[in-house]
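File shown: query_39.cif. Contents: mmCIF, C-alpha atoms.
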data_input
#
loop_
_atom_site.label_atom_id
_atom_site.label_comp_id
_atom_site.auth_asym_id
_atom_site.auth_seq_id
_atom_site.Cartn_x
_atom_site.Cartn_y
_atom_site.Cartn_z
CA MET A 1 64.24 0.16 99.05
CA MET A 2 61.23 -1.64 97.61
CA LEU A 3 62.06 -4.69 95.50
CA PRO A 4 60.41 -5.23 92.08
CA GLN A 5 57.20 -7.21 92.36
CA ILE A 6 54.17 -8.35 90.38
CA GLU A 7 50.74 -8.14 91.99
CA VAL A 8 47.72 -9.97 90.60
CA THR A 9 44.16 -9.50 91.86
CA PRO A 10 42.56 -11.95 92.21
CA ALA A 11 45.48 -14.37 92.18
CA THR A 12 43.06 -17.33 92.11
CA ALA A 13 39.76 -17.26 90.23
CA LEU A 14 37.55 -19.01 87.69
CA ILE A 15 38.87 -18.94 84.13
CA ASP A 16 36.20 -16.39 83.10
CA VAL A 17 37.10 -13.84 85.81
CA PRO A 18 39.32 -10.90 84.70
CA VAL A 19 42.44 -10.06 86.71
CA HIS A 20 44.24 -6.83 87.58
CA ILE A 21 48.02 -6.93 87.07
CA THR A 22 50.38 -4.26 88.40
CA LEU A 23 54.17 -3.97 88.57
CA SER A 24 55.90 -1.91 91.25
CA GLY A 25 59.30 -1.28 92.82
CA PHE A 26 61.10 -0.69 89.54
CA VAL A 27 63.40 2.17 88.58
CA PRO A 28 61.41 5.16 87.24
CA ASN A 29 60.98 5.04 83.43
CA GLN A 30 62.66 1.64 83.29
CA LEU A 31 61.81 -0.75 80.42
CA ILE A 32 60.29 -3.99 81.69
CA THR A 33 59.44 -7.13 79.73
CA LEU A 34 56.51 -9.04 81.20
CA HIS A 35 56.21 -12.69 80.14
CA ALA A 36 53.19 -14.96 80.63
CA THR A 37 53.63 -18.73 80.30
CA LEU A 38 50.91 -21.38 80.35
CA LYS A 39 52.12 -24.97 80.58
CA ASN A 40 49.05 -27.09 81.30
CA GLY A 41 45.93 -25.23 80.39
CA LEU A 42 43.29 -27.56 78.95
CA PRO A 43 41.08 -30.08 80.75
CA GLY A 44 41.09 -33.31 78.78
CA GLY A 45 43.94 -32.20 76.57
CA ASP A 46 47.20 -30.27 76.19
CA LEU A 47 47.68 -26.53 75.88
CA THR A 48 50.98 -24.71 76.17
CA ALA A 49 51.25 -21.05 75.22
CA SER A 50 53.15 -17.87 75.99
CA SER A 51 52.99 -14.11 75.49
CA HIS A 52 54.99 -11.02 76.37
CA ALA A 53 54.71 -7.26 76.54
CA ILE A 54 57.29 -4.50 77.01
CA PHE A 55 56.26 -1.63 79.30
CA GLN A 56 57.92 1.54 80.48
CA ALA A 57 57.56 2.19 84.20
CA ASP A 58 56.11 5.54 85.26
CA GLU A 59 57.93 8.08 87.44
CA ASN A 60 57.08 5.98 90.49
CA GLY A 61 58.56 2.82 88.98
CA SER A 62 55.13 1.25 88.46
CA VAL A 63 53.06 -0.24 85.63
CA ASP A 64 49.29 -0.79 85.73
CA LEU A 65 47.92 -2.96 82.92
CA VAL A 66 44.44 -1.50 83.48
CA SER A 67 45.56 1.92 82.29
CA GLN A 68 48.79 1.36 80.38
CA ALA A 69 49.48 -0.09 76.93
CA PRO A 70 52.73 -1.89 76.11
CA LEU A 71 55.32 -0.36 73.83
CA PHE A 72 55.74 -3.69 72.02
CA GLY A 73 54.61 -7.27 72.48
CA THR A 74 52.06 -9.88 71.47
CA TYR A 75 49.26 -7.32 71.81
CA GLU A 76 48.56 -3.62 71.41
CA GLY A 77 46.37 -1.23 73.36
CA ILE A 78 45.14 -1.12 76.93
CA ASP A 79 43.65 -4.34 78.24
CA PRO A 80 44.44 -5.91 81.63
CA ILE A 81 43.69 -9.43 80.39
CA ARG A 82 45.07 -9.17 76.84
CA LEU A 83 48.31 -10.81 77.95
CA PHE A 84 46.28 -14.02 78.34
CA TRP A 85 44.32 -14.23 75.09
CA SER A 86 47.23 -12.97 72.96
CA MET A 87 49.34 -15.99 73.84
CA ASN A 88 51.07 -17.76 70.98
CA VAL A 89 50.05 -21.42 71.15
CA GLN A 90 52.83 -23.99 71.05
CA THR A 91 50.69 -27.11 71.54
CA MET A 92 46.91 -27.54 71.63
CA ARG A 93 45.08 -30.85 71.35
CA PHE A 94 42.26 -32.80 72.91
CA TYR A 95 42.71 -36.32 74.25
CA HIS A 96 40.22 -38.01 71.97
CA ALA A 97 39.10 -40.71 74.37
CA TYR A 98 36.87 -43.23 72.62
CA SER A 99 35.90 -44.59 76.02
CA LEU A 100 34.39 -42.53 78.80
CA ASP A 101 36.42 -44.57 81.28
CA ASP A 102 39.60 -43.29 79.61
CA PHE A 103 38.62 -39.64 79.88
CA GLN A 104 39.57 -37.61 82.92
CA PHE A 105 38.56 -33.98 83.42
CA THR A 106 42.03 -32.85 84.42
CA PRO A 107 43.50 -30.50 85.25
CA ARG A 108 40.74 -28.83 87.27
CA SER A 109 42.85 -25.67 87.28
CA THR A 110 45.96 -24.32 85.62
CA GLU A 111 48.66 -21.80 86.43
CA ILE A 112 50.00 -18.92 84.38
CA GLU A 113 53.50 -17.88 85.40
CA LEU A 114 54.25 -14.17 85.11
CA THR A 115 57.90 -13.09 84.92
CA ALA A 116 59.23 -9.52 84.82
CA GLU A 117 62.61 -9.07 83.16
CA VAL A 118 64.98 -6.11 83.10
CA TYR A 119 67.98 -6.32 80.76
CA ASP A 120 67.07 -9.99 80.08
CA LYS A 121 67.30 -10.80 83.80
CA SER A 122 64.32 -12.08 85.77
CA VAL A 123 63.64 -9.73 88.69
CA ALA A 124 60.09 -10.65 89.79
CA LYS A 125 57.65 -13.53 89.45
CA ALA A 126 54.01 -14.25 90.24
CA VAL A 127 51.60 -17.12 89.61
CA VAL A 128 48.00 -16.74 88.52
CA LYS A 129 45.77 -19.74 89.22
CA ARG A 130 42.92 -20.14 86.73
CA ILE A 131 40.14 -22.53 87.75
CA PHE A 132 38.24 -24.56 85.14
CA VAL A 133 35.74 -26.02 87.59
CA SER A 134 34.99 -24.95 91.16
CA ARG A 135 36.19 -27.16 93.99
CA ASP A 136 32.62 -27.83 95.18
CA VAL A 137 31.51 -29.16 91.77
CA SER A 138 31.31 -32.93 91.56
CA ILE A 139 31.87 -34.78 88.27
CA GLN A 140 29.85 -37.92 87.58
CA LYS A 141 30.27 -40.23 84.60
CA VAL A 142 26.89 -41.02 83.07
CA THR A 143 26.19 -44.25 81.17
CA ASP A 144 22.55 -44.82 82.17
CA HIS A 145 20.06 -45.69 79.41
CA GLY A 146 22.77 -45.73 76.76
CA LEU A 147 23.85 -42.18 77.48
CA VAL A 148 27.50 -41.12 77.42
CA GLY A 149 28.23 -37.99 79.38
CA LEU A 150 29.73 -36.16 82.31
CA TYR A 151 27.44 -34.53 84.86
CA PHE A 152 28.77 -31.46 86.68
CA SER A 153 26.87 -30.22 89.73
CA LYS A 154 27.13 -28.54 93.10
CA PRO A 155 25.36 -29.85 96.22
CA HIS A 156 22.39 -27.47 95.88
CA THR A 157 19.68 -27.50 98.52
CA GLU A 158 17.14 -26.10 96.06
CA GLN A 159 16.33 -27.21 92.52
CA ARG A 160 18.23 -25.25 89.90
CA PRO A 161 17.91 -24.57 86.15
CA ALA A 162 20.07 -27.08 84.31
CA ILE A 163 21.82 -27.35 80.95
CA VAL A 164 22.56 -30.08 78.41
CA VAL A 165 25.80 -29.14 76.62
CA LEU A 166 26.39 -30.40 73.06
CA GLY A 167 29.77 -30.08 71.38
CA GLY A 168 30.52 -29.75 67.68
CA SER A 169 31.95 -31.93 64.94
CA GLU A 170 35.10 -32.61 66.99
CA GLY A 171 33.11 -35.38 68.68
CA GLY A 172 33.72 -37.06 72.00
CA ILE A 173 33.31 -35.45 75.39
CA GLY A 174 36.28 -33.08 75.74
CA SER A 175 35.03 -29.78 74.33
CA CYS A 176 31.51 -29.89 75.75
CA SER A 177 32.81 -30.84 79.20
CA GLN A 178 34.72 -27.55 79.46
CA PHE A 179 31.52 -25.54 79.05
CA ALA A 180 29.57 -27.84 81.37
CA ALA A 181 32.22 -27.41 84.06
CA LEU A 182 31.99 -23.63 83.81
CA PHE A 183 28.19 -23.64 83.84
CA ALA A 184 28.19 -25.80 86.96
CA SER A 185 30.72 -23.48 88.60
CA HIS A 186 28.19 -20.68 88.09
CA GLY A 187 25.47 -22.73 89.77
CA TYR A 188 23.83 -24.45 86.79
CA PRO A 189 23.95 -28.26 86.89
CA ALA A 190 25.19 -29.31 83.45
CA LEU A 191 25.37 -32.54 81.50
CA ALA A 192 28.14 -32.66 78.89
CA LEU A 193 26.68 -35.10 76.38
CA ALA A 194 28.73 -36.98 73.80
CA TYR A 195 26.70 -38.05 70.78
CA PHE A 196 29.31 -39.73 68.61
CA GLN A 197 32.86 -41.10 68.81
CA CYS A 198 32.73 -42.29 72.40
CA ASN A 199 31.87 -45.69 73.93
CA ASP A 200 29.25 -47.47 71.80
CA LEU A 201 28.01 -44.28 70.13
CA PRO A 202 28.18 -43.94 66.33
CA ASP A 203 31.59 -43.45 64.76
CA ASP A 204 30.39 -40.39 62.85
CA ILE A 205 27.47 -37.95 62.64
CA ARG A 206 25.18 -40.37 60.86
CA GLN A 207 21.44 -40.28 61.63
CA ILE A 208 21.98 -39.64 65.34
CA PRO A 209 18.58 -40.28 66.99
CA ILE A 210 16.95 -37.19 68.45
CA GLU A 211 15.54 -39.60 71.04
CA TYR A 212 19.08 -39.95 72.40
CA VAL A 213 19.16 -36.28 73.39
CA GLN A 214 15.60 -36.56 74.70
CA ARG A 215 16.74 -39.37 77.01
CA ALA A 216 19.49 -37.08 78.26
CA ILE A 217 16.95 -34.35 78.97
CA HIS A 218 14.77 -36.81 80.88
CA TRP A 219 17.79 -38.07 82.85
CA LEU A 220 18.72 -34.51 83.78
CA GLN A 221 15.17 -33.77 84.92
CA GLN A 222 15.38 -36.66 87.38
CA GLN A 223 18.42 -35.31 89.23
CA PRO A 224 17.67 -34.02 92.75
CA SER A 225 19.34 -30.64 92.25
CA VAL A 226 17.61 -29.96 88.90
CA HIS A 227 14.36 -28.08 88.37
CA PRO A 228 12.59 -30.31 85.79
CA ASP A 229 10.82 -27.36 84.14
CA LYS A 230 13.97 -25.26 83.64
CA ILE A 231 16.05 -27.14 81.07
CA THR A 232 18.31 -25.35 78.56
CA LEU A 233 20.12 -26.81 75.57
CA PHE A 234 23.49 -25.23 74.81
CA GLY A 235 25.22 -26.21 71.58
CA ARG A 236 28.17 -25.06 69.54
CA SER A 237 28.48 -25.47 65.76
CA LYS A 238 27.09 -28.91 64.87
CA GLY A 239 25.88 -29.22 68.45
CA ALA A 240 23.94 -25.98 68.00
CA GLU A 241 22.15 -27.53 65.03
CA LEU A 242 21.32 -30.56 67.17
CA ALA A 243 20.12 -28.35 70.03
CA LEU A 244 17.73 -26.41 67.77
CA VAL A 245 16.37 -29.56 66.14
CA THR A 246 15.79 -31.25 69.51
CA ALA A 247 14.18 -28.18 71.08
CA SER A 248 11.83 -27.83 68.10
CA ILE A 249 10.59 -31.37 68.83
CA ASP A 250 10.73 -31.65 72.63
CA GLN A 251 8.63 -29.28 74.72
CA HIS A 252 10.63 -30.16 77.84
CA VAL A 253 13.32 -27.77 76.59
CA HIS A 254 12.65 -24.29 77.97
CA ALA A 255 15.54 -22.30 76.42
CA VAL A 256 18.19 -22.70 73.71
CA ILE A 257 21.62 -21.13 73.35
CA ALA A 258 22.92 -21.79 69.82
CA SER A 259 26.50 -20.72 69.11
CA SER A 260 27.48 -20.68 65.40
CA PRO A 261 24.42 -22.72 64.35
CA SER A 262 22.74 -23.64 61.08
CA SER A 263 19.11 -22.99 60.20
CA THR A 264 18.79 -26.36 58.48
CA VAL A 265 19.53 -30.01 59.04
CA ASN A 266 22.75 -30.73 57.13
CA ILE A 267 24.72 -33.63 55.78
CA GLY A 268 26.33 -35.63 58.56
CA THR A 269 28.69 -37.91 56.66
CA ASP A 270 29.10 -39.14 53.11
CA LYS A 271 29.17 -42.84 53.97
CA ALA A 272 26.28 -45.14 54.92
CA SER A 273 28.50 -47.11 57.29
CA ALA A 274 31.98 -47.10 58.78
CA GLY A 275 34.57 -48.47 56.37
CA SER A 276 32.38 -48.05 53.30
CA ASP A 277 33.95 -46.62 50.14
CA THR A 278 30.63 -45.81 48.48
CA PHE A 279 29.51 -42.18 48.40
CA SER A 280 26.18 -42.03 50.18
CA PRO A 281 25.21 -38.71 51.84
CA GLN A 282 23.60 -39.22 55.23
CA SER A 283 21.37 -36.99 57.31
CA SER A 284 22.89 -35.90 60.59
CA TRP A 285 19.80 -36.78 62.63
CA SER A 286 16.88 -39.18 62.73
CA LEU A 287 13.52 -39.35 64.49
CA GLN A 288 11.55 -42.54 65.11
CA GLY A 289 14.02 -44.43 62.95
CA GLU A 290 13.67 -42.14 59.93
CA PRO A 291 16.35 -39.70 58.74
CA LEU A 292 15.39 -36.04 58.87
CA SER A 293 15.35 -34.13 55.58
CA PHE A 294 18.75 -32.54 55.10
CA VAL A 295 20.86 -30.40 52.78
CA PRO A 296 23.09 -32.85 50.86
CA TRP A 297 26.48 -32.36 49.25
CA THR A 298 27.71 -33.73 45.95
CA GLU A 299 30.64 -36.11 45.89
CA GLU A 300 32.73 -33.32 44.34
CA GLN A 301 31.80 -30.93 47.16
CA THR A 302 32.71 -33.55 49.75
CA LYS A 303 36.15 -34.14 48.23
CA ASP A 304 36.74 -30.41 47.81
CA SER A 305 35.80 -29.82 51.44
CA GLN A 306 38.22 -32.45 52.75
CA GLU A 307 41.05 -31.17 50.58
CA ARG A 308 40.49 -27.62 51.76
CA LEU A 309 40.33 -28.66 55.42
CA ASP A 310 43.56 -30.63 55.02
CA ALA A 311 45.13 -27.45 53.62
CA GLY A 312 43.74 -25.29 56.45
CA GLN A 313 41.34 -23.44 54.15
CA ARG A 314 37.78 -22.24 54.70
CA ILE A 315 34.77 -24.26 53.53
CA ASP A 316 31.85 -21.93 54.32
CA HIS A 317 31.26 -21.29 50.61
CA ILE A 318 30.69 -25.02 50.04
CA HIS A 319 27.94 -25.02 52.64
CA ALA A 320 26.44 -21.90 51.04
CA GLU A 321 26.48 -23.50 47.58
CA ALA A 322 24.82 -26.67 48.90
CA TRP A 323 22.09 -24.69 50.63
CA ALA A 324 21.45 -22.62 47.51
CA ALA A 325 21.20 -25.74 45.34
CA CYS A 326 18.96 -27.78 47.68
CA ALA A 327 15.63 -28.45 45.96
CA TRP A 328 13.89 -29.33 49.25
CA LEU A 329 15.37 -26.60 51.43
CA GLU A 330 12.02 -25.88 53.07
CA ASP A 331 11.80 -29.47 54.31
CA ALA A 332 15.34 -29.29 55.69
CA GLU A 333 14.76 -26.04 57.60
CA ILE A 334 14.54 -26.37 61.39
CA PRO A 335 11.04 -25.36 62.65
CA VAL A 336 12.47 -23.14 65.37
CA GLU A 337 9.05 -21.57 65.93
CA ASN A 338 8.08 -24.75 67.83
CA ILE A 339 10.69 -24.14 70.54
CA ASN A 340 9.13 -23.76 73.97
CA GLY A 341 11.20 -20.87 75.31
CA PRO A 342 13.58 -17.99 74.54
CA ILE A 343 16.50 -18.38 72.15
CA LEU A 344 19.96 -16.83 72.13
CA PHE A 345 21.86 -16.98 68.83
CA LEU A 346 25.61 -16.30 68.67
CA SER A 347 27.27 -15.87 65.28
CA SER A 348 30.26 -14.31 63.54
CA ASP A 349 30.82 -12.61 60.20
CA ASP A 350 34.04 -14.44 59.29
CA ASP A 351 33.00 -18.00 60.08
CA HIS A 352 35.20 -20.29 57.96
CA TRP A 353 33.09 -23.41 58.57
CA TRP A 354 29.65 -22.26 57.50
CA PRO A 355 27.80 -18.90 57.18
CA ALA A 356 26.17 -19.10 60.60
CA ALA A 357 25.42 -15.37 60.77
CA GLU A 358 23.16 -15.50 57.71
CA HIS A 359 21.43 -18.59 59.05
CA CYS A 360 20.77 -16.90 62.38
CA GLU A 361 19.24 -13.99 60.48
CA GLN A 362 17.04 -16.43 58.57
CA MET A 363 15.86 -18.03 61.81
CA VAL A 364 15.18 -14.65 63.43
CA GLU A 365 13.06 -13.70 60.39
CA ARG A 366 11.25 -17.04 60.49
CA LEU A 367 10.44 -16.59 64.17
CA LYS A 368 9.16 -13.08 63.51
CA ASN A 369 6.94 -14.32 60.69
CA HIS A 370 5.49 -16.99 63.00
CA GLN A 371 4.94 -14.41 65.78
CA PHE A 372 7.14 -16.38 68.15
CA ALA A 373 5.91 -15.87 71.71
CA HIS A 374 9.31 -15.87 73.43
CA SER A 375 12.28 -13.54 73.36
CA VAL A 376 14.90 -13.92 70.63
CA VAL A 377 18.38 -12.38 70.75
CA HIS A 378 20.94 -12.60 67.96
CA LEU A 379 24.45 -11.44 68.78
CA ARG A 380 26.42 -11.09 65.54
CA TYR A 381 30.13 -10.34 65.90
CA PRO A 382 31.99 -8.62 63.02
CA ASP A 383 35.34 -9.91 61.75
CA THR A 384 35.09 -12.83 64.16
CA GLY A 385 35.61 -16.52 63.47
CA HIS A 386 33.78 -19.76 64.17
CA GLY A 387 35.39 -20.51 67.53
CA ILE A 388 33.41 -18.32 69.93
CA ARG A 389 34.21 -19.85 73.31
CA PHE A 390 34.60 -18.62 76.90
CA PRO A 391 36.82 -15.69 77.93
CA TYR A 392 40.54 -15.26 78.49
CA ILE A 393 41.91 -18.27 76.65
CA PRO A 394 44.28 -17.93 73.66
CA THR A 395 42.51 -16.83 70.46
CA THR A 396 45.52 -16.58 68.18
CA ARG A 397 44.86 -19.72 66.13
CA THR A 398 42.59 -18.39 63.39
CA GLN A 399 43.48 -20.45 60.30
CA LEU A 400 40.53 -22.86 60.32
CA ASN A 401 38.16 -20.61 62.26
CA GLY A 402 38.56 -17.08 60.89
CA GLY A 403 38.41 -13.65 62.50
CA THR A 404 41.25 -11.88 64.28
CA PRO A 405 42.68 -12.71 67.73
CA LYS A 406 41.40 -9.41 69.13
CA ASN A 407 37.88 -9.75 67.78
CA ASN A 408 37.67 -13.44 68.66
CA ALA A 409 38.71 -12.60 72.22
CA TYR A 410 36.11 -9.84 72.46
CA ALA A 411 33.36 -12.09 71.11
CA SER A 412 34.23 -14.87 73.55
CA GLU A 413 34.22 -12.49 76.51
CA HIS A 414 31.11 -10.51 75.53
CA SER A 415 29.05 -13.52 74.45
CA TRP A 416 29.84 -15.43 77.64
CA ARG A 417 28.56 -12.53 79.76
CA GLU A 418 25.45 -12.45 77.59
CA VAL A 419 24.96 -16.21 77.99
CA LEU A 420 25.02 -15.91 81.78
CA GLN A 421 22.68 -12.90 81.69
CA PHE A 422 20.35 -14.78 79.34
CA LEU A 423 20.12 -17.62 81.85
CA GLU A 424 19.49 -15.18 84.69
CA ARG A 425 16.70 -13.45 82.75
CA THR A 426 15.12 -16.70 81.64
CA PHE A 427 15.22 -18.34 85.06
CA PRO A 428 15.16 -15.55 87.67
CA GLU A 429 15.64 -16.47 91.31
#

Structure re-expressed in structure tokens:
Amino acid sequence: MMLPQIEVTPATALIDVPVHITLSGFVPNQLITLHATLKNGLPGGDLTASSHAIFQADENGSVDLVSQAPLFGTYEGIDPIRLFWSMNVQTMRFYHAYSLDDFQFTPRSTEIELTAEVYDKSVAKAVVKRIFVSRDVSIQKVTDHGLVGLYFSKPHTEQRPAIVVLGGSEGGIGSCSQFAALFASHGYPALALAYFQCNDLPDDIRQIPIEYVQRAIHWLQQQPSVHPDKITLFGRSKGAELALVTASIDQHVHAVIASSPSSTVNIGTDKASAGSDTFSPQSSWSLQGEPLSFVPWTEEQTKDSQERLDAGQRIDHIHAEAWAACAWLEDAEIPVENINGPILFLSSDDDHWWPAAEHCEQMVERLKNHQFAHSVVHLRYPDTGHGIRFPYIPTTRTQLNGGTPKNNAYASEHSWREVLQFLERTFPE
């Protein structure tokens, strides 16, 4: 008699690779509870999460998640990978290392334990290994020329298109390093670049020099495995704003991927220096020592924003009000028509941080009016929140981001495939 078992194909794969899960050897029509548990699932941080689904075995005593929906559980409908993104998160935090020496990109992989239960008794187990960065990718800490970053690369024999990855307002190196690791695993050398709150970088987003990112681009161009004329900037949220601003100034950038961006330069912080109590709105970026024109906030808007964030409430309307009230909006707009290559915009309709979808539409219209010579793609995801990331990670925390777990998971999966296809189209072999 065949014993109950769980089969997973592939059992070991990159985090963005879907898996096929089947159960077999059970009693025909038996009810089975399948649990998924993740105990250490975040490089540079902590992530613990779990999910479950109750299935009824078919007449052969089998369950196939590709073709069968659960009766109950943390998700509904047919989806072989939904058990992963529907996980309820118990703990999730980044190690906010203020020194690059203190930051370690670990773990390089994680394991999801699958357990099948019948009548509350465990009868079968399997382990799925999810890889954050391929084994042949090296990780180098970069501090040359005042830069603070992690460089992920494979030992390529030919020069490859490369990517500078810019994180958002969370600061540090943790978030952007996850994307850089995945890019490198797909064959694109990638520099995860911190631009504040790490080493001797500024404590906040306060007139960050565009020249800093330009130095990073130049450093990346000098690497042996990098094709110097195939540089992409990838940014999320505030990092997307920085990517668009930099690419509009520096012709060495040959493509931009902007996820949840803004069409303007925005306020960075409301203080002129660390420790100051005086309200003084500051531009996020500077060029040649001068702050770029930006959309400011009032002191009341700044206080309202912080109170709402502390309460887990959305602040996109505050951004919208500031943009609408800005008397010099035209000066603050990013001249995206100067970008020297194709652009991919990613946005969502329920972004709780700022109305990125509308700003992507504005930039698309601006590019059209300027008869932009390169391709422009805007992927706008309905009922989706701010946190569009990579596939198959839990998307159930929506309070500060918006959207629904299902739509956020779809946007992360679909957009990531589009990002990789965009790179393939832009830099064909």

Using all atoms listed in the file, I'd like a table of the residues in range 97-198 of chain A that come within 12 Å of range 403-419 of chain A; for each, show the closest atom pair and its distance in Å rounded to one decimal, ordered by chain and ascending number, as CSV.
residue,atom,partner,partner_atom,distance
A:Ile163,CA,A:Val419,CA,11.9
A:Phe179,CA,A:Trp416,CA,10.3
A:Leu182,CA,A:Trp416,CA,10.5
A:Phe183,CA,A:Val419,CA,10.0
A:His186,CA,A:Val419,CA,11.5

What does the PyMOL selection byres ((chain A and resi 18) around 10) select in this file, as a list in words? Thr9, Pro10, Ala13, Leu14, Ile15, Asp16, Val17, Val19, His20, Ile21, Pro80, Ile81, Arg82, Phe84, Pro391, Tyr392 and Glu413 of chain A

Using only C-alpha atoms, can you tell me which of A:Leu71, A:Val127, A:Ile54, A:Leu34 comes closest to Thr12 in chain A?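 Checking each of A:Leu71, A:Val127, A:Ile54, A:Leu34 against Thr12 in chain A, counting only C-alpha atoms, the winner is A:Val127.
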
Would you mind telling me which residue in A:Ser109, A:Ser237, A:Asn369, A:Gln178 lies nearest to Ser347 in chain A when using all atoms listed in the file?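 Counting all atoms listed in the file, the residue closest to Ser347 in chain A is A:Ser237.
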
Hey, which of A:Trp219, A:Tyr195, A:Trp354, A:Phe345 ends up closest to Asn266 in chain A? Count all atoms listed in the file.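 Among the listed residues, the smallest separation from Asn266 in chain A belongs to A:Trp354.
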
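Separating CA of Ala320 in chain A from CA of Ala240 in chain A is a distance of 17.6 Å.
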
Show me the residues around (38.0, -30.8, 77.5) - criterion: an atom at most 6 Å away, only C-alpha atoms counted - as a PyMOL selection string. chain A and resi 43-44+174-175+177-178

Please produce an output containing C-alpha atoms for each residue in the selection, written as a PDB file, in the frame of the given file.
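What ended up in out.pdb:
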ATOM      1  CA  PRO A  43      41.080 -30.080  80.750  1.00  0.00           C
ATOM      2  CA  GLY A  44      41.090 -33.310  78.780  1.00  0.00           C
ATOM      3  CA  GLY A 174      36.280 -33.080  75.740  1.00  0.00           C
ATOM      4  CA  SER A 175      35.030 -29.780  74.330  1.00  0.00           C
ATOM      5  CA  SER A 177      32.810 -30.840  79.200  1.00  0.00           C
ATOM      6  CA  GLN A 178      34.720 -27.550  79.460  1.00  0.00           C
TER       7      GLN A 178
END
